[in-house]
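Data from target_21.txt: compact mmCIF, C-alpha atoms
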# COMPACT_ATOMS: atom_id res chain seq x y z
CA MET A 1 56.31 -25.55 -83.53
CA VAL A 2 55.28 -28.00 -80.83
CA THR A 3 52.49 -30.43 -81.57
CA LEU A 4 50.19 -31.09 -78.66
CA LYS A 5 48.89 -34.54 -77.83
CA TYR A 6 45.80 -33.06 -76.17
CA PRO A 7 43.59 -30.08 -77.03
CA PRO A 8 44.94 -26.69 -75.83
CA GLU A 9 42.28 -26.39 -73.11
CA GLU A 10 43.80 -29.44 -71.39
CA TYR A 11 46.89 -27.35 -70.55
CA ASP A 12 47.11 -24.69 -67.87
CA ALA A 13 48.62 -21.19 -68.13
CA LYS A 14 52.10 -22.61 -67.37
CA GLY A 15 51.79 -25.06 -70.24
CA GLN A 16 51.40 -28.08 -67.97
CA LEU A 17 48.91 -30.79 -68.76
CA ARG A 18 46.03 -30.36 -66.30
CA LEU A 19 45.54 -33.11 -63.77
CA PRO A 20 42.20 -34.89 -64.20
CA PHE A 21 39.52 -34.13 -61.60
CA LEU A 22 39.36 -37.77 -60.60
CA PHE A 23 43.04 -37.61 -59.60
CA TRP A 24 42.16 -35.05 -56.91
CA LEU A 25 39.38 -37.32 -55.65
CA ILE A 26 41.82 -40.24 -55.47
CA LEU A 27 44.23 -38.15 -53.40
CA LEU A 28 41.40 -37.27 -51.02
CA LEU A 29 40.35 -40.93 -50.89
CA GLN A 30 43.88 -41.97 -49.97
CA ALA A 31 44.17 -39.19 -47.38
CA ARG A 32 40.78 -40.01 -45.84
CA THR A 33 42.20 -40.75 -42.37
CA TRP A 34 43.84 -37.33 -42.34
CA LEU A 35 40.53 -35.74 -43.37
CA ILE A 36 38.70 -37.55 -40.57
CA LEU A 37 41.38 -36.45 -38.11
CA VAL A 38 40.93 -32.82 -39.18
CA MET A 39 37.14 -33.12 -38.90
CA ALA A 40 37.50 -34.71 -35.45
CA GLY A 41 39.76 -31.88 -34.38
CA ALA A 42 37.32 -29.29 -35.68
CA SER A 43 34.38 -30.83 -33.78
CA ARG A 44 35.94 -30.86 -30.33
CA GLN A 45 33.10 -32.44 -28.35
CA GLN A 46 32.31 -35.18 -30.86
CA GLY A 47 35.91 -35.70 -32.08
CA ASN A 48 36.55 -38.89 -30.11
CA ASP A 49 33.17 -40.30 -31.11
CA LEU A 50 33.90 -39.55 -34.77
CA LEU A 51 37.28 -41.27 -34.62
CA ALA A 52 35.78 -44.26 -32.81
CA LEU A 53 33.04 -44.52 -35.44
CA PHE A 54 35.46 -44.74 -38.38
CA TYR A 55 38.38 -46.37 -36.57
CA PRO A 56 37.29 -48.54 -33.64
CA ASP A 57 40.74 -50.17 -33.77
CA ARG A 58 43.60 -47.77 -32.96
CA GLN A 59 46.03 -49.79 -35.09
CA SER A 60 43.95 -49.20 -38.21
CA PHE A 61 43.84 -45.48 -37.43
CA TRP A 62 47.63 -45.19 -37.22
CA LEU A 63 48.09 -47.31 -40.33
CA GLY A 64 45.53 -45.15 -42.14
CA LEU A 65 47.51 -42.04 -41.21
CA ALA A 66 50.74 -43.63 -42.44
CA LEU A 67 49.18 -44.76 -45.72
CA GLY A 68 47.69 -41.29 -46.23
CA ILE A 69 51.07 -39.54 -46.10
CA PRO A 70 51.92 -40.16 -49.79
CA ALA A 71 48.57 -38.66 -50.84
CA ALA A 72 49.06 -35.64 -48.58
CA ILE A 73 52.53 -35.10 -50.03
CA GLY A 74 51.07 -35.65 -53.51
CA LEU A 75 48.61 -32.81 -52.89
CA LEU A 76 51.54 -30.54 -52.09
CA LEU A 77 53.69 -31.80 -54.97
CA THR A 78 51.09 -30.91 -57.60
CA GLY A 79 52.14 -27.28 -57.28
CA TYR A 80 55.82 -28.16 -57.70
CA ARG A 81 55.69 -30.36 -60.79
CA GLN A 82 58.09 -28.11 -62.71
CA ARG A 83 60.39 -27.42 -59.78
CA TRP A 84 60.88 -31.09 -58.80
CA PRO A 85 60.18 -33.04 -62.00
CA ARG A 86 62.04 -36.23 -61.03
CA LEU A 87 60.21 -36.48 -57.72
CA TRP A 88 56.89 -35.76 -59.46
CA GLN A 89 57.54 -38.44 -62.11
CA SER A 90 58.01 -41.09 -59.44
CA TRP A 91 55.01 -40.04 -57.37
CA ARG A 92 52.44 -41.98 -59.38
CA LEU A 93 54.33 -45.15 -58.44
CA VAL A 94 54.45 -44.07 -54.78
CA LEU A 95 50.68 -43.46 -54.78
CA SER A 96 50.07 -46.82 -56.45
CA LEU A 97 52.26 -48.65 -53.92
CA SER A 98 50.43 -46.95 -51.07
CA LEU A 99 47.09 -48.09 -52.51
CA LEU A 100 48.42 -51.61 -53.04
CA ILE A 101 49.65 -51.84 -49.44
CA ASN A 102 46.28 -50.57 -48.25
CA LEU A 103 44.45 -53.15 -50.36
CA LEU A 104 46.68 -55.96 -49.07
CA TRP A 105 46.08 -54.86 -45.49
CA GLN A 106 42.31 -54.73 -46.07
CA GLY A 107 42.45 -58.19 -47.68
CA VAL A 108 44.34 -59.65 -44.73
CA ASN A 109 41.73 -58.20 -42.37
CA LEU A 110 38.94 -59.76 -44.40
CA LEU A 111 40.71 -63.15 -44.52
CA GLN A 112 41.20 -63.08 -40.76
CA GLY A 113 37.45 -62.83 -40.37
CA ALA A 114 37.32 -59.19 -39.38
CA MET A 115 34.12 -58.65 -41.32
CA PRO A 116 32.86 -55.14 -40.77
CA ASP A 117 29.41 -54.44 -39.35
CA SER A 118 28.68 -51.99 -42.14
CA PRO A 119 29.33 -52.10 -45.89
CA PHE A 120 31.36 -48.87 -45.66
CA PRO A 121 34.82 -50.56 -45.37
CA LEU A 122 34.00 -52.89 -48.26
CA LEU A 123 32.92 -49.91 -50.34
CA LEU A 124 36.20 -48.12 -49.54
CA THR A 125 38.10 -51.26 -50.57
CA LEU A 126 36.29 -51.26 -53.88
CA PHE A 127 37.08 -47.56 -54.39
CA ASP A 128 40.74 -48.21 -53.54
CA LEU A 129 40.85 -51.00 -56.11
CA LEU A 130 39.26 -48.79 -58.77
CA ALA A 131 41.64 -45.96 -57.88
CA LEU A 132 44.67 -48.23 -58.28
CA TYR A 133 43.39 -49.44 -61.64
CA TRP A 134 42.72 -45.88 -62.81
CA LEU A 135 46.16 -44.62 -61.66
CA GLN A 136 47.78 -47.31 -63.78
CA THR A 137 45.64 -47.18 -66.90
CA HIS A 138 44.34 -43.65 -67.47
CA ARG A 139 46.47 -42.36 -70.36
CA ARG A 140 46.05 -38.64 -69.68
CA LEU A 141 46.93 -39.04 -66.03
CA CYS A 142 50.00 -41.11 -66.91
CA ASP A 143 51.03 -38.37 -69.33
CA CYS A 144 50.74 -35.78 -66.55
CA PHE A 145 53.66 -37.52 -64.86
CA LEU A 146 55.87 -37.58 -67.97
CA PRO A 147 58.49 -34.84 -68.39
CA GLU A 148 57.51 -33.98 -71.95
CA HIS A 149 54.05 -32.96 -70.71
CA GLN A 150 55.36 -30.78 -67.90
CA HIS A 151 55.93 -27.67 -69.95
CA HIS A 152 54.71 -26.73 -73.41
CA GLU A 153 54.72 -23.22 -74.81
Once more with this new file: its structure as structure tokens, please.
Amino acid sequence: MVTLKYPPEEYDAKGQLRLPFLFWLILLLQARTWLILVMAGASRQQGNDLLALFYPDRQSFWLGLALGIPAAIGLLLTGYRQRWPRLWQSWRLVLSLSLLINLLWQGVNLLQGAMPDSPFPLLLTLFDLLALYWLQTHRRLCDCFLPEHQHHE
């Protein structure tokens, strides 16, 4: 008999520990540039205006796309946790490193005096910081990346 660390409702039909809802929000937060790109593509006439509103600097747009790649891959990997367990186990670190790089880049921009006109970028920086902290400290999420919580029957 296998003893479960969490209540049975925390496991899905495959016996995997369910990913917390906040994890999905963090992935969307990290992939925000990709989401804006999709929205800009969907609204053809206002697409350029939308991109210019969120990313007046082209360099920050391209960097945002690059830093969103781990989150986009993470979204895909969630369905393959059992098939690629070693890759899945390392992905929390990849997501954390991506957030850390993003935070460092945002900090450098702030130190260089590139203060934004709106509080929106500062709010995103705060969310990124909270997301990094949560990725590292939330016990259930950390357990979702451990092999012993990948399959219970």
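Of the residues under consideration (A:Leu129, A:Ala66, A:Leu37, A:Cys144), A:Cys144 shows the shortest atom-to-atom contact distance to Gly15 of chain A when counting only C-alpha atoms.
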key: Exercise: Leu63 of chain A partners within 12 Å, only C-alpha atoms, chain neighbours under 2 positions left out, as a PyMOL selection string   = chain A and resi 30-34+55+57-61+65-69+98+101-102+105-106
Listed atoms of segment 100-111 of chain A boxed axis-aligned with 3 Å per side, centre + edges as lines of an AutoDock Vina configuration file:
center_x = 44.3
center_y = -56.9
center_z = -47.7
size_x = 16.7
size_y = 18.6
size_z = 16.7
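Closest to Leu4 of chain A among A:Asp143, A:Leu28, A:Leu35, A:Gln89 is A:Asp143, based on all atoms listed in the file.
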query = In file coordinates, which residues lie within 12 Å of (53.3, -48.0, -54.8) using all atoms listed in the file, given as a list in words?
reply =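 Those within range, by chain then number, are Leu67, Pro70, Ala71, Ser90, Trp91, Arg92, Leu93, Val94, Leu95, Ser96, Leu97, Ser98, Leu99, Leu100, Ile101, Asn102, Leu103, Leu104, Leu132, Leu135 and Gln136 of chain A.
You will find atom CA of Asp128 of chain A at 27.6 Å from atom CA of Tyr11 of chain A.
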key: Computed interatomic separation between atom CA of Thr137 of chain A and atom CA of Tyr6 of chain A (Å)   =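 Distance between the two atoms: 16.9 Å.
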key: Atom pair atom CA of Val38 of chain A / atom CA of Ala52 of chain A: separation (Å)   =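 Spanning atom CA of Val38 of chain A to atom CA of Ala52 of chain A is a straight-line distance of 14.1 Å.
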Please report, as CSV, each residue of segment 126-146 of chain A lying at most 10 Å from segment 20-23 of chain A, together with the nearest pair of atoms and the separation in Å rounded to one decimal; use all atoms listed in the file, and order rows by chain and ascending residue number.
residue,atom,partner,partner_atom,distance
A:Ala131,CA,A:Phe23,CA,8.6
A:Trp134,CA,A:Phe23,CA,8.9
A:Leu135,CA,A:Phe23,CA,7.9
A:His138,CA,A:Pro20,CA,9.6
A:Arg140,CA,A:Pro20,CA,7.7
A:Leu141,CA,A:Pro20,CA,6.6
A:Cys144,CA,A:Pro20,CA,8.9
Residue nearest Pro85 of chain A among A:Leu146, A:Leu111, A:Ile26, A:Leu123 (counting all atoms listed in the file) =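 Comparing A:Leu146, A:Leu111, A:Ile26, A:Leu123 against Pro85 of chain A, the winner is A:Leu146.
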I'd like a table as a tab-separated table: residues in segment 6-53 of chain A with an atom no more than 9 Å from segment 74-83 of chain A, each row giving the shortest atom pair and its distance in Å to one decimal, only C-alpha atoms counted, sorted by chain and rising residue number.
residue	atom	partner	partner_atom	distance
A:Gln16	CA	A:Gln82	CA	8.5
A:Leu19	CA	A:Thr78	CA	8.6
A:Trp24	CA	A:Leu75	CA	7.9
A:Leu27	CA	A:Leu75	CA	6.9
A:Leu28	CA	A:Leu75	CA	8.7
